[in-house]
Every structure is written in structure tokens, then in C-alpha cells.
Amino acid sequence: MAPYLSMGEAHRRIADYLSRVADSISSSDGAALASLLAVSSAPPSTPLSDALSAFPDFPRLAADRYPHLSDLLPTLLRAIHSHSLIRFADAYSSFEKAANAFLQEFRNWETPWAMEAMHTVALEIRLLAEKADRELATSGKNPDKLQAAGSFLMKVFGALAVKGPKRIGALYVTCQLFKIYFRLGTVHLCRSVIRSIETARNFDFEDFPVKDKVTYMYYTGRLEVFNENFLVADQKLTYALMHCNPQYGANLRRILKFLVPVKLSIGVLPRITLLERYNLLEYADVVTSLKRGDLRLLRQALERHEDQFLKSGVYLVLEKLELQVYQRLVKKIHIIQRLKEPAKAHQIKLEVVVKALKWLEIDMDVDEVECIMACLIYKNLIKGYFAHKSKVLVLSKQDPFPKLNGKPV
């Protein structure tokens with residue numbers, strides 16, 4: 001419980017905060033203004049929040065002292081007050097009003113001096129919306145604040161996506177939109193924003209801050225994973241990895257969480273030491289199964305980490321690695337046969353493949369194996385043909401197992 005606070009002291013604290021906001025605007029101090037607009041990270045009790053609880057008439061105080069900011073300051077104080085009382089839905093509603101008022105002021109300012117503050121508003125509205133939706137869901141109400149935050153951020157994006165110096169802040173807002181769309185499961189809404197960034201003449205991607213470019217490439221790379229455009233996903237996620245600050249290990253891990261399955265799909269296997277370093281050992285058995293041609297191990301790994309892979313959206317990507325595992329298995333049979341019978345090394349009886357799979361506790365008949373081998377030939381994972389009558393896979397004597405060379409199966 002906060003200690004007793006006199007009305008006079010409460011009045012002084014509130015007046016001091018209002019003065020600092022107004023002064024930062026009049027002096028075009030974007031950094032100072034940004035720090036004053038941060039709400040979601042504040043603890044329940046602060047000198048200002050205690051003052052707001054002790055002085056209920058704070059909205060009128062703000063409006064009377066700074067009538068030119070009467071749409072911004074009272075609602076901002078209400079958001080701070082509600083957040084301190086753990087009333088997150090109310091805090092969001094008040095902050096959204098303050099954010100709209102700030103956006104209107106931002107549009108009127110000719111220079112981008114307040115860009116840092118605008119970015120703070122964009123971040124805060126997303127974080128407050130997430131808190132509000134959790135609160136609403138817990139109480140059985142419709143959690144609709146994150147969707148509303150997305151609508152507001154589209155207005156911010158529109159204000160930035162114009163010719164002039166303010167456009168440099170558009171990518172940060174785009175990344176906040178991505179985070180909302182991914183959380184809501186409405187990733188299709190990313191398309192229009194991506195189109196604006198990548199095709200509009202207003203933007204030169206290289207002009208944006210590095211951290212925003214990394215975040216943008218991370219999310220657009222994930223989108224390409226979902227769309228199974230693995231070559232493009234590889235380019236985008238690799239860009240994010242190469243340009244990410246190496247001191248931020250958690251961010252590197254987030255990128256690798258999607259880059260590893262993409263690399264696997266195009267035939268590039270990571271070292272186990274990399275997986276250990278970034279705590280991505282859920283992929284260890286997947287990598288080992290590809291090296292050994294061990295279909296049982298792959299399926300066990302997918303089953304063991306099914307929930308994790310499904311949540312990440314990479315399960316189907318990993319499931320398609322079965323074809324590469326079959327290729328490796330046939331290659332191992334070919335190597336063994338070459339040692340035993342060099343003259344017939346390129347002729348593999350399908351019955352031998354059936355026996356190898358049975359040893360791995362996978363029951364298939366010859367017809368099923370023939371279908372799989374036909375698929376491997378069609379996908380150019382194996383060069384050869386079938387001798388159907390004798391049920392023999394005849395391998396090409398030159399390069400029977402083509403490498404993927406960075407191309408997805």
C-alpha cells in the first residue's frame with residue numbers, strides 16, 4: 001500500500017509530469033518525450049501513479065493547464081492511472097485515445113523530431129493491447145484490443161509512408177504490425193504492408209535502421225516458410241542472422257529456429273555444436289536421421305517435439321524431409337552393395353530396401369517401396385530407372401544421388 005500523500009504533493013507531482021511532457025514537445029526533444037509516453041513497463045506504484053490515486057481530478061488539471069494538449073494529456077494520465085491499478089482494458093482504451101491525439105499532432109509537425117516518441121507509442125499500444133486481451137479473455141469477454149491496435153498502427157503507417165524524412169520510421173511500425181498479425185493468426189494481412197515497403201518508390205530498404213531491417217527480414221522470412229518458398233525464406237532469414245547484433249543471443253536463436261529447418265529442406269545440415277550453443281537440440285535427432293538415413297529416428301523426433309514444431313509452424317517442413325532420409329538410406333545400401341558385389345552395385349533389389357526398413361521397425365511391402373523410389377526419381381533425388389519385372393532399382397553409374405545444391409525437394 002502506498003504511503004499517505006497530501007493533495008498538495010500529489011498536485012505538484014502531476015503538474016511536474018505535465019510540464020515535462022509539454023516542455024519536451026515545445027523544445028522538440030524526442031528522446032525525453034518518448035520516455036514520458038512509456039506506460040506498460042511501469043510498476044504498479046510510482047510517484048506519479050500514487051499522485052494520480054491521491055488527486056482524482058487530474059484530467060481537469062491537465063486540460064486546464066495545457067488546453068492545446070487537452071486531447072492528449074488527460075487520456076494519457078488515465079492510461080497511466082488504470083495501468084497502475086491493474087485495469088489493463090481501461091488502460092488500453094485511454095492510451096488509444098491519447099495515441100490518436102498524438103498521431104494528429106505528429107502529422108502536423110514538419111520534421112521527424114518526434115519519431116522516437118512515435119515508435120514508443122507504436123510499441124506501447126501493442127504491449128497494452130496484449131495485456132488487455134489477456135485480462136478480457138480471463139474474464140470471459142471478447143479480447144479485441146490487439147486487433148484495434150493493428151488498426152491504429154495502420155493509420156500510423158499511412159502517416160509515415162509518404163515522401164519526406166518521416167518515411168524512415170515506417171519499417172519499425174511495420175514490424176509492430178507483423179508481431180500483431182502473427183499473434184492473431186492473421187498473417188495474410190502482412191501482404192499489403194509488404195507490398196508498400198517493397199514496391200513503393202518512397203522507400204529505399206537500405207536507408208532503414210539495421211535493427212528494423214533485421215526484424216523485417218525475420219518476419220517476412222517466416223512468411224516464406226509458411227508459403228513453402230524455401231529459397232526466398234533462406235535468403236531473408238540468412239540476412240536477418242548475418243545482420244543481427246551478435247550480443248543478442250535470444251534473437252539469434254529466434255532466427256535459427258526457422259532458418260535451421262529451411263536449411264535442412266535444401267540439403268544443408270547444421271553442426272550439432274551450433275544446435276547446442278543456441279539450445280535448439282530439438283533438431284539434433286532430425287539432423288542425425290538425415291545423416292544416417294534413419295527414418296525411424298526422424299519420425300520419433302517429430303513425434304517427441306510435435307507440439308513445439310506445430311506451434312512454430314515448421315512441422316510440415318520437417319515432415320517433408322522423409323524423402324531425403326529415404327535417399328540417404330538407398331545411398332547407404334548402394335555403398336554396402338558396392339563393397340560386397342562391385343559389379344552389381346548399381347542394381348538394388350527393392351526387397352533389400354524393404355528389409356532395411358523392417359530393421360528400422362517400419363513395415364512396408366515392395367509396392368510401397370516402389371512408389372517411394374519412383375518419387376525419389378521424380379524429385380531428382382535419385383538418378384535411375386525401374387526394372388519392374390525383377391523389382392530392381394537400376395541406378396545411374398554417374399552421380400546416382402544428386403546433391404540438392406541449395407534447392408528444395
# chains A, B, ... in the order shown; residues from 1 in each chain; ligands from 1
call {"tool": "residues_around", "arguments": {"residues": "Lys145 (chain A)", "least_positions_apart": "6", "cutoff": "10 Å", "atoms": "only C-alpha atoms", "output": "list in words"}}
result
Ala89, Tyr92, Ser93, Glu96, Ile125, Arg126, Leu128, Ala129, Glu130, Lys131, Ala132, Asp133, Arg134, Leu136 and Ser151 of chain A
call {"tool": "write_last_selection", "arguments": {"atoms": "all heavy atoms", "output": "tab-separated table (two decimals), in the first residue's frame"}}
result
chain	number	residue	atom	x	y	z
A	89	ALA	N	-7.57	-3.29	-19.60
A	89	ALA	CA	-8.50	-2.95	-20.69
A	89	ALA	C	-8.81	-1.45	-20.66
A	89	ALA	O	-8.84	-0.79	-21.71
A	89	ALA	CB	-9.79	-3.76	-20.57
A	92	TYR	N	-5.74	0.41	-21.87
A	92	TYR	CA	-5.62	0.40	-23.33
A	92	TYR	C	-6.56	1.42	-23.97
A	92	TYR	O	-6.15	2.18	-24.85
A	92	TYR	CB	-5.91	-0.99	-23.91
A	92	TYR	CG	-5.94	-0.92	-25.41
A	92	TYR	CD1	-4.76	-0.97	-26.15
A	92	TYR	CD2	-7.14	-0.71	-26.11
A	92	TYR	CE1	-4.77	-0.82	-27.53
A	92	TYR	CE2	-7.15	-0.56	-27.48
A	92	TYR	CZ	-5.96	-0.61	-28.19
A	92	TYR	OH	-5.97	-0.43	-29.54
A	93	SER	N	-7.80	1.42	-23.54
A	93	SER	CA	-8.79	2.32	-24.14
A	93	SER	C	-8.36	3.79	-24.00
A	93	SER	O	-8.48	4.58	-24.95
A	93	SER	CB	-10.17	2.12	-23.48
A	93	SER	OG	-10.64	0.81	-23.73
A	96	GLU	N	-5.23	4.42	-26.24
A	96	GLU	CA	-5.58	4.52	-27.67
A	96	GLU	C	-6.07	5.92	-28.01
A	96	GLU	O	-5.72	6.48	-29.06
A	96	GLU	CB	-6.64	3.48	-28.04
A	96	GLU	CG	-6.93	3.46	-29.54
A	96	GLU	CD	-8.02	2.47	-29.91
A	96	GLU	OE1	-8.84	2.13	-29.04
A	96	GLU	OE2	-8.07	2.06	-31.08
A	125	ILE	N	1.20	0.66	-27.55
A	125	ILE	CA	-0.19	0.28	-27.84
A	125	ILE	C	-0.29	-1.22	-28.09
A	125	ILE	O	-1.29	-1.85	-27.75
A	125	ILE	CB	-0.75	1.11	-29.03
A	125	ILE	CG1	-2.28	1.09	-28.96
A	125	ILE	CG2	-0.24	0.61	-30.38
A	125	ILE	CD1	-2.94	2.16	-29.78
A	126	ARG	N	0.78	-1.80	-28.66
A	126	ARG	CA	0.77	-3.26	-28.85
A	126	ARG	C	0.89	-3.99	-27.51
A	126	ARG	O	0.14	-4.93	-27.24
A	126	ARG	CB	1.91	-3.68	-29.77
A	126	ARG	CG	2.01	-5.20	-29.95
A	126	ARG	CD	3.12	-5.59	-30.89
A	126	ARG	NE	4.45	-5.31	-30.38
A	126	ARG	CZ	5.12	-6.10	-29.53
A	126	ARG	NH1	4.55	-7.22	-29.06
A	126	ARG	NH2	6.35	-5.79	-29.15
A	128	LEU	N	0.20	-2.89	-24.45
A	128	LEU	CA	-1.00	-2.70	-23.64
A	128	LEU	C	-2.17	-3.52	-24.18
A	128	LEU	O	-2.97	-4.06	-23.40
A	128	LEU	CB	-1.38	-1.21	-23.62
A	128	LEU	CG	-0.49	-0.30	-22.76
A	128	LEU	CD1	-0.83	1.16	-22.99
A	128	LEU	CD2	-0.63	-0.66	-21.28
A	129	ALA	N	-2.26	-3.64	-25.50
A	129	ALA	CA	-3.33	-4.45	-26.10
A	129	ALA	C	-3.18	-5.92	-25.72
A	129	ALA	O	-4.16	-6.61	-25.44
A	129	ALA	CB	-3.31	-4.28	-27.62
A	130	GLU	N	-1.93	-6.41	-25.69
A	130	GLU	CA	-1.70	-7.80	-25.30
A	130	GLU	C	-2.14	-8.02	-23.85
A	130	GLU	O	-2.78	-9.03	-23.52
A	130	GLU	CB	-0.23	-8.15	-25.48
A	130	GLU	CG	0.19	-8.25	-26.95
A	130	GLU	CD	1.68	-8.48	-27.12
A	130	GLU	OE1	2.40	-8.56	-26.09
A	130	GLU	OE2	2.14	-8.60	-28.27
A	131	LYS	N	-1.78	-7.09	-22.97
A	131	LYS	CA	-2.19	-7.20	-21.57
A	131	LYS	C	-3.71	-7.14	-21.44
A	131	LYS	O	-4.32	-7.90	-20.68
A	131	LYS	CB	-1.55	-6.07	-20.74
A	131	LYS	CG	-0.06	-6.22	-20.49
A	131	LYS	CD	0.42	-5.13	-19.54
A	131	LYS	CE	1.87	-5.33	-19.13
A	131	LYS	NZ	2.32	-4.33	-18.13
A	132	ALA	N	-4.31	-6.22	-22.17
A	132	ALA	CA	-5.77	-6.05	-22.11
A	132	ALA	C	-6.49	-7.29	-22.60
A	132	ALA	O	-7.48	-7.73	-21.99
A	132	ALA	CB	-6.18	-4.83	-22.94
A	133	ASP	N	-6.01	-7.88	-23.69
A	133	ASP	CA	-6.66	-9.08	-24.23
A	133	ASP	C	-6.56	-10.26	-23.28
A	133	ASP	O	-7.50	-11.06	-23.16
A	133	ASP	CB	-6.07	-9.44	-25.59
A	133	ASP	CG	-6.68	-8.61	-26.72
A	133	ASP	OD1	-7.58	-7.79	-26.43
A	133	ASP	OD2	-6.26	-8.78	-27.89
A	134	ARG	N	-5.42	-10.39	-22.60
A	134	ARG	CA	-5.31	-11.46	-21.59
A	134	ARG	C	-6.32	-11.24	-20.47
A	134	ARG	O	-6.94	-12.19	-19.99
A	134	ARG	CB	-3.88	-11.52	-21.04
A	134	ARG	CG	-2.87	-12.13	-22.00
A	134	ARG	CD	-1.57	-12.49	-21.30
A	134	ARG	NE	-0.84	-11.30	-20.88
A	134	ARG	CZ	0.08	-10.68	-21.61
A	134	ARG	NH1	0.35	-11.12	-22.83
A	134	ARG	NH2	0.71	-9.61	-21.15
A	136	LEU	N	-9.18	-9.55	-20.65
A	136	LEU	CA	-10.53	-9.75	-21.17
A	136	LEU	C	-10.84	-11.23	-21.34
A	136	LEU	O	-11.94	-11.68	-21.02
A	136	LEU	CB	-10.68	-9.02	-22.51
A	136	LEU	CG	-10.69	-7.48	-22.44
A	136	LEU	CD1	-10.55	-6.87	-23.82
A	136	LEU	CD2	-11.97	-6.99	-21.76
A	151	SER	N	-5.31	-1.80	-36.20
A	151	SER	CA	-5.98	-0.77	-36.99
A	151	SER	C	-5.33	0.60	-36.76
A	151	SER	O	-5.13	1.37	-37.70
A	151	SER	CB	-7.47	-0.71	-36.64
A	151	SER	OG	-8.11	-1.94	-36.94
call {"tool": "closest_atom_pairs", "arguments": {"of": "region 276-331 of chain A", "to": "region 182-200 of chain A", "cutoff": "12 Å", "atoms": "only C-alpha atoms", "output": "Markdown table"}}
result
| residue | atom | partner | partner_atom | distance |
| --- | --- | --- | --- | --- |
| A:Lys311 | CA | A:Arg183 | CA | 11.4 |
| A:Ser312 | CA | A:Phe182 | CA | 10.9 |
| A:Gly313 | CA | A:Phe182 | CA | 11.1 |
call {"tool": "residues_around", "arguments": {"residues": "Leu177 (chain A)", "least_positions_apart": "5", "cutoff": "8 Å", "atoms": "only C-alpha atoms", "output": "MDAnalysis selection string"}}
result
chainID A and resid 150 153:154 190
call {"tool": "write_last_selection", "arguments": {"atoms": "C-alpha atoms", "output": "PDB file, in the first residue's frame"}}
result
ATOM      1  CA  GLY A 150      -3.434  -3.164 -35.515  1.00  0.00           C
ATOM      2  CA  LEU A 153      -0.862   1.147 -36.381  1.00  0.00           C
ATOM      3  CA  MET A 154      -2.098   1.047 -39.960  1.00  0.00           C
ATOM      4  CA  CYS A 190       1.057  -8.674 -43.818  1.00  0.00           C
TER       5      CYS A 190
END
call {"tool": "select_by_dssp", "arguments": {"residues": "region 373-406 of chain A", "states": "alpha helix (DSSP H)", "output": "count of residues only"}}
result
6
call {"tool": "residues_around", "arguments": {"residues": "Tyr219 (chain A)", "least_positions_apart": "4", "cutoff": "9 Å", "atoms": "only C-alpha atoms", "output": "ChimeraX atom specification"}}
result
/A:175,178-179,182,214-215,223-224,236-237
call {"tool": "residues_around", "arguments": {"residues": "region 205-209 of chain A", "least_positions_apart": "4", "cutoff": "10 Å", "atoms": "only C-alpha atoms", "output": "list in words"}}
result
Arg167, Ile168, Gly169, Ala170, Leu171, Tyr172, Ile197, Glu198, Lys213 and Val214 of chain A
call {"tool": "residues_around", "arguments": {"residues": "Lys163 (chain A)", "least_positions_apart": "3", "cutoff": "10 Å", "atoms": "only C-alpha atoms", "output": "list in words"}}
result
Leu160, Lys166, Arg167, Ile168, Arg201, Asn202 and Phe203 of chain A
call {"tool": "write_last_selection", "arguments": {"atoms": "N, CA, C and O atoms", "output": "CSV table (one decimal), in the first residue's frame"}}
result
chain,number,residue,atom,x,y,z
A,160,LEU,N,3.4,7.7,-42.1
A,160,LEU,CA,4.8,7.6,-42.4
A,160,LEU,C,5.2,7.2,-43.8
A,160,LEU,O,6.2,7.5,-44.3
A,166,LYS,N,10.0,11.5,-42.7
A,166,LYS,CA,9.3,10.7,-41.8
A,166,LYS,C,9.2,9.2,-42.2
A,166,LYS,O,9.0,8.3,-41.4
A,167,ARG,N,9.4,9.0,-43.5
A,167,ARG,CA,9.3,7.6,-44.0
A,167,ARG,C,10.3,6.6,-43.4
A,167,ARG,O,10.1,5.4,-43.4
A,168,ILE,N,11.4,7.2,-42.9
A,168,ILE,CA,12.4,6.3,-42.3
A,168,ILE,C,11.9,5.5,-41.1
A,168,ILE,O,12.4,4.5,-40.7
A,201,ARG,N,7.9,3.6,-54.3
A,201,ARG,CA,9.1,4.4,-54.6
A,201,ARG,C,9.6,5.3,-53.5
A,201,ARG,O,10.7,5.8,-53.5
A,202,ASN,N,8.7,5.4,-52.5
A,202,ASN,CA,9.0,6.3,-51.3
A,202,ASN,C,10.1,5.7,-50.5
A,202,ASN,O,10.8,6.4,-49.7
A,203,PHE,N,10.3,4.3,-50.6
A,203,PHE,CA,11.2,3.6,-49.7
A,203,PHE,C,12.4,3.1,-50.4
A,203,PHE,O,12.4,2.5,-51.5
call {"tool": "atom_distance", "arguments": {"atom1": "CA of Arg277 (chain A)", "atom2": "CA of Arg253 (chain A)"}}
result
9.2 Å
call {"tool": "residues_around", "arguments": {"residues": "region 48-63 of chain A", "least_positions_apart": "4", "cutoff": "12 Å", "atoms": "only C-alpha atoms", "output": "NGL selection string"}}
result
:A and (1-19 or 21-22 or 36 or 39 or 42-44 or 67-86 or 94)
call {"tool": "atom_distance", "arguments": {"atom1": "CA of Pro400 (chain A)", "atom2": "CA of Gly384 (chain A)"}}
result
6.9 Å
call {"tool": "decode", "arguments": {"residues": "region 104-133 of chain A", "atoms": "N, CA, C and O atoms", "output": "JSON list (two decimals), in the first residue's frame"}}
result
[["chain", "number", "residue", "atom", "x", "y", "z"],
["A", 104, "GLN", "N", -2.21, 12.83, -34.40],
["A", 104, "GLN", "CA", -2.67, 14.06, -35.06],
["A", 104, "GLN", "C", -1.63, 15.17, -34.92],
["A", 104, "GLN", "O", -1.33, 15.89, -35.88],
["A", 105, "GLU", "N", -1.06, 15.28, -33.73],
["A", 105, "GLU", "CA", 0.00, 16.27, -33.52],
["A", 105, "GLU", "C", 1.22, 15.94, -34.39],
["A", 105, "GLU", "O", 1.83, 16.81, -35.00],
["A", 106, "PHE", "N", 1.56, 14.65, -34.44],
["A", 106, "PHE", "CA", 2.73, 14.20, -35.20],
["A", 106, "PHE", "C", 2.59, 14.54, -36.69],
["A", 106, "PHE", "O", 3.56, 14.94, -37.34],
["A", 107, "ARG", "N", 1.38, 14.38, -37.20],
["A", 107, "ARG", "CA", 1.14, 14.71, -38.62],
["A", 107, "ARG", "C", 1.41, 16.19, -38.89],
["A", 107, "ARG", "O", 1.86, 16.55, -39.99],
["A", 108, "ASN", "N", 1.14, 17.03, -37.90],
["A", 108, "ASN", "CA", 1.28, 18.47, -38.09],
["A", 108, "ASN", "C", 2.73, 18.95, -37.99],
["A", 108, "ASN", "O", 3.04, 20.06, -38.42],
["A", 109, "TRP", "N", 3.60, 18.13, -37.39],
["A", 109, "TRP", "CA", 5.00, 18.53, -37.25],
["A", 109, "TRP", "C", 5.74, 18.23, -38.55],
["A", 109, "TRP", "O", 5.71, 17.10, -39.05],
["A", 110, "GLU", "N", 6.42, 19.20, -39.07],
["A", 110, "GLU", "CA", 7.05, 19.04, -40.38],
["A", 110, "GLU", "C", 8.28, 18.14, -40.34],
["A", 110, "GLU", "O", 8.54, 17.40, -41.29],
["A", 111, "THR", "N", 9.04, 18.17, -39.28],
["A", 111, "THR", "CA", 10.26, 17.36, -39.19],
["A", 111, "THR", "C", 9.99, 16.10, -38.37],
["A", 111, "THR", "O", 9.02, 16.04, -37.59],
["A", 112, "PRO", "N", 10.85, 15.08, -38.51],
["A", 112, "PRO", "CA", 10.64, 13.82, -37.78],
["A", 112, "PRO", "C", 11.26, 13.82, -36.38],
["A", 112, "PRO", "O", 11.68, 12.77, -35.90],
["A", 113, "TRP", "N", 11.32, 14.98, -35.71],
["A", 113, "TRP", "CA", 11.98, 15.05, -34.40],
["A", 113, "TRP", "C", 11.32, 14.11, -33.39],
["A", 113, "TRP", "O", 12.00, 13.62, -32.47],
["A", 114, "ALA", "N", 10.02, 13.83, -33.55],
["A", 114, "ALA", "CA", 9.29, 13.01, -32.57],
["A", 114, "ALA", "C", 9.20, 11.54, -32.99],
["A", 114, "ALA", "O", 8.37, 10.80, -32.46],
["A", 115, "MET", "N", 10.07, 11.09, -33.90],
["A", 115, "MET", "CA", 9.98, 9.70, -34.39],
["A", 115, "MET", "C", 10.18, 8.69, -33.27],
["A", 115, "MET", "O", 9.49, 7.67, -33.20],
["A", 116, "GLU", "N", 11.14, 8.95, -32.39],
["A", 116, "GLU", "CA", 11.36, 8.02, -31.28],
["A", 116, "GLU", "C", 10.12, 7.92, -30.40],
["A", 116, "GLU", "O", 9.76, 6.84, -29.94],
["A", 117, "ALA", "N", 9.47, 9.05, -30.18],
["A", 117, "ALA", "CA", 8.24, 9.05, -29.39],
["A", 117, "ALA", "C", 7.12, 8.31, -30.11],
["A", 117, "ALA", "O", 6.33, 7.57, -29.51],
["A", 118, "MET", "N", 7.04, 8.50, -31.44],
["A", 118, "MET", "CA", 6.02, 7.79, -32.23],
["A", 118, "MET", "C", 6.25, 6.29, -32.17],
["A", 118, "MET", "O", 5.30, 5.51, -32.07],
["A", 119, "HIS", "N", 7.50, 5.89, -32.21],
["A", 119, "HIS", "CA", 7.82, 4.47, -32.08],
["A", 119, "HIS", "C", 7.44, 3.94, -30.70],
["A", 119, "HIS", "O", 6.98, 2.79, -30.57],
["A", 120, "THR", "N", 7.65, 4.75, -29.68],
["A", 120, "THR", "CA", 7.25, 4.35, -28.33],
["A", 120, "THR", "C", 5.74, 4.14, -28.26],
["A", 120, "THR", "O", 5.26, 3.17, -27.67],
["A", 121, "VAL", "N", 4.99, 5.04, -28.87],
["A", 121, "VAL", "CA", 3.53, 4.91, -28.91],
["A", 121, "VAL", "C", 3.15, 3.62, -29.62],
["A", 121, "VAL", "O", 2.26, 2.87, -29.17],
["A", 122, "ALA", "N", 3.81, 3.32, -30.75],
["A", 122, "ALA", "CA", 3.52, 2.11, -31.51],
["A", 122, "ALA", "C", 3.79, 0.86, -30.68],
["A", 122, "ALA", "O", 3.01, -0.11, -30.69],
["A", 123, "LEU", "N", 4.90, 0.86, -29.96],
["A", 123, "LEU", "CA", 5.24, -0.28, -29.11],
["A", 123, "LEU", "C", 4.28, -0.40, -27.94],
["A", 123, "LEU", "O", 3.77, -1.49, -27.64],
["A", 124, "GLU", "N", 4.00, 0.72, -27.28],
["A", 124, "GLU", "CA", 3.15, 0.71, -26.10],
["A", 124, "GLU", "C", 1.73, 0.24, -26.41],
["A", 124, "GLU", "O", 1.14, -0.51, -25.64],
["A", 125, "ILE", "N", 1.20, 0.66, -27.55],
["A", 125, "ILE", "CA", -0.19, 0.28, -27.84],
["A", 125, "ILE", "C", -0.29, -1.22, -28.09],
["A", 125, "ILE", "O", -1.29, -1.85, -27.75],
["A", 126, "ARG", "N", 0.78, -1.80, -28.66],
["A", 126, "ARG", "CA", 0.77, -3.26, -28.85],
["A", 126, "ARG", "C", 0.89, -3.99, -27.51],
["A", 126, "ARG", "O", 0.14, -4.93, -27.24],
["A", 127, "LEU", "N", 1.81, -3.55, -26.67],
["A", 127, "LEU", "CA", 2.01, -4.21, -25.38],
["A", 127, "LEU", "C", 0.80, -4.07, -24.47],
["A", 127, "LEU", "O", 0.40, -5.03, -23.80],
["A", 128, "LEU", "N", 0.20, -2.89, -24.45],
["A", 128, "LEU", "CA", -1.00, -2.70, -23.64],
["A", 128, "LEU", "C", -2.17, -3.52, -24.18],
["A", 128, "LEU", "O", -2.97, -4.06, -23.40],
["A", 129, "ALA", "N", -2.26, -3.64, -25.50],
["A", 129, "ALA", "CA", -3.33, -4.45, -26.10],
["A", 129, "ALA", "C", -3.18, -5.92, -25.72],
["A", 129, "ALA", "O", -4.16, -6.61, -25.44],
["A", 130, "GLU", "N", -1.93, -6.41, -25.69],
["A", 130, "GLU", "CA", -1.70, -7.80, -25.30],
["A", 130, "GLU", "C", -2.14, -8.02, -23.85],
["A", 130, "GLU", "O", -2.78, -9.03, -23.52],
["A", 131, "LYS", "N", -1.78, -7.09, -22.97],
["A", 131, "LYS", "CA", -2.19, -7.20, -21.57],
["A", 131, "LYS", "C", -3.71, -7.14, -21.44],
["A", 131, "LYS", "O", -4.32, -7.90, -20.68],
["A", 132, "ALA", "N", -4.31, -6.22, -22.17],
["A", 132, "ALA", "CA", -5.77, -6.05, -22.11],
["A", 132, "ALA", "C", -6.49, -7.29, -22.60],
["A", 132, "ALA", "O", -7.48, -7.73, -21.99],
["A", 133, "ASP", "N", -6.01, -7.88, -23.69],
["A", 133, "ASP", "CA", -6.66, -9.08, -24.23],
["A", 133, "ASP", "C", -6.56, -10.26, -23.28],
["A", 133, "ASP", "O", -7.50, -11.06, -23.16]]
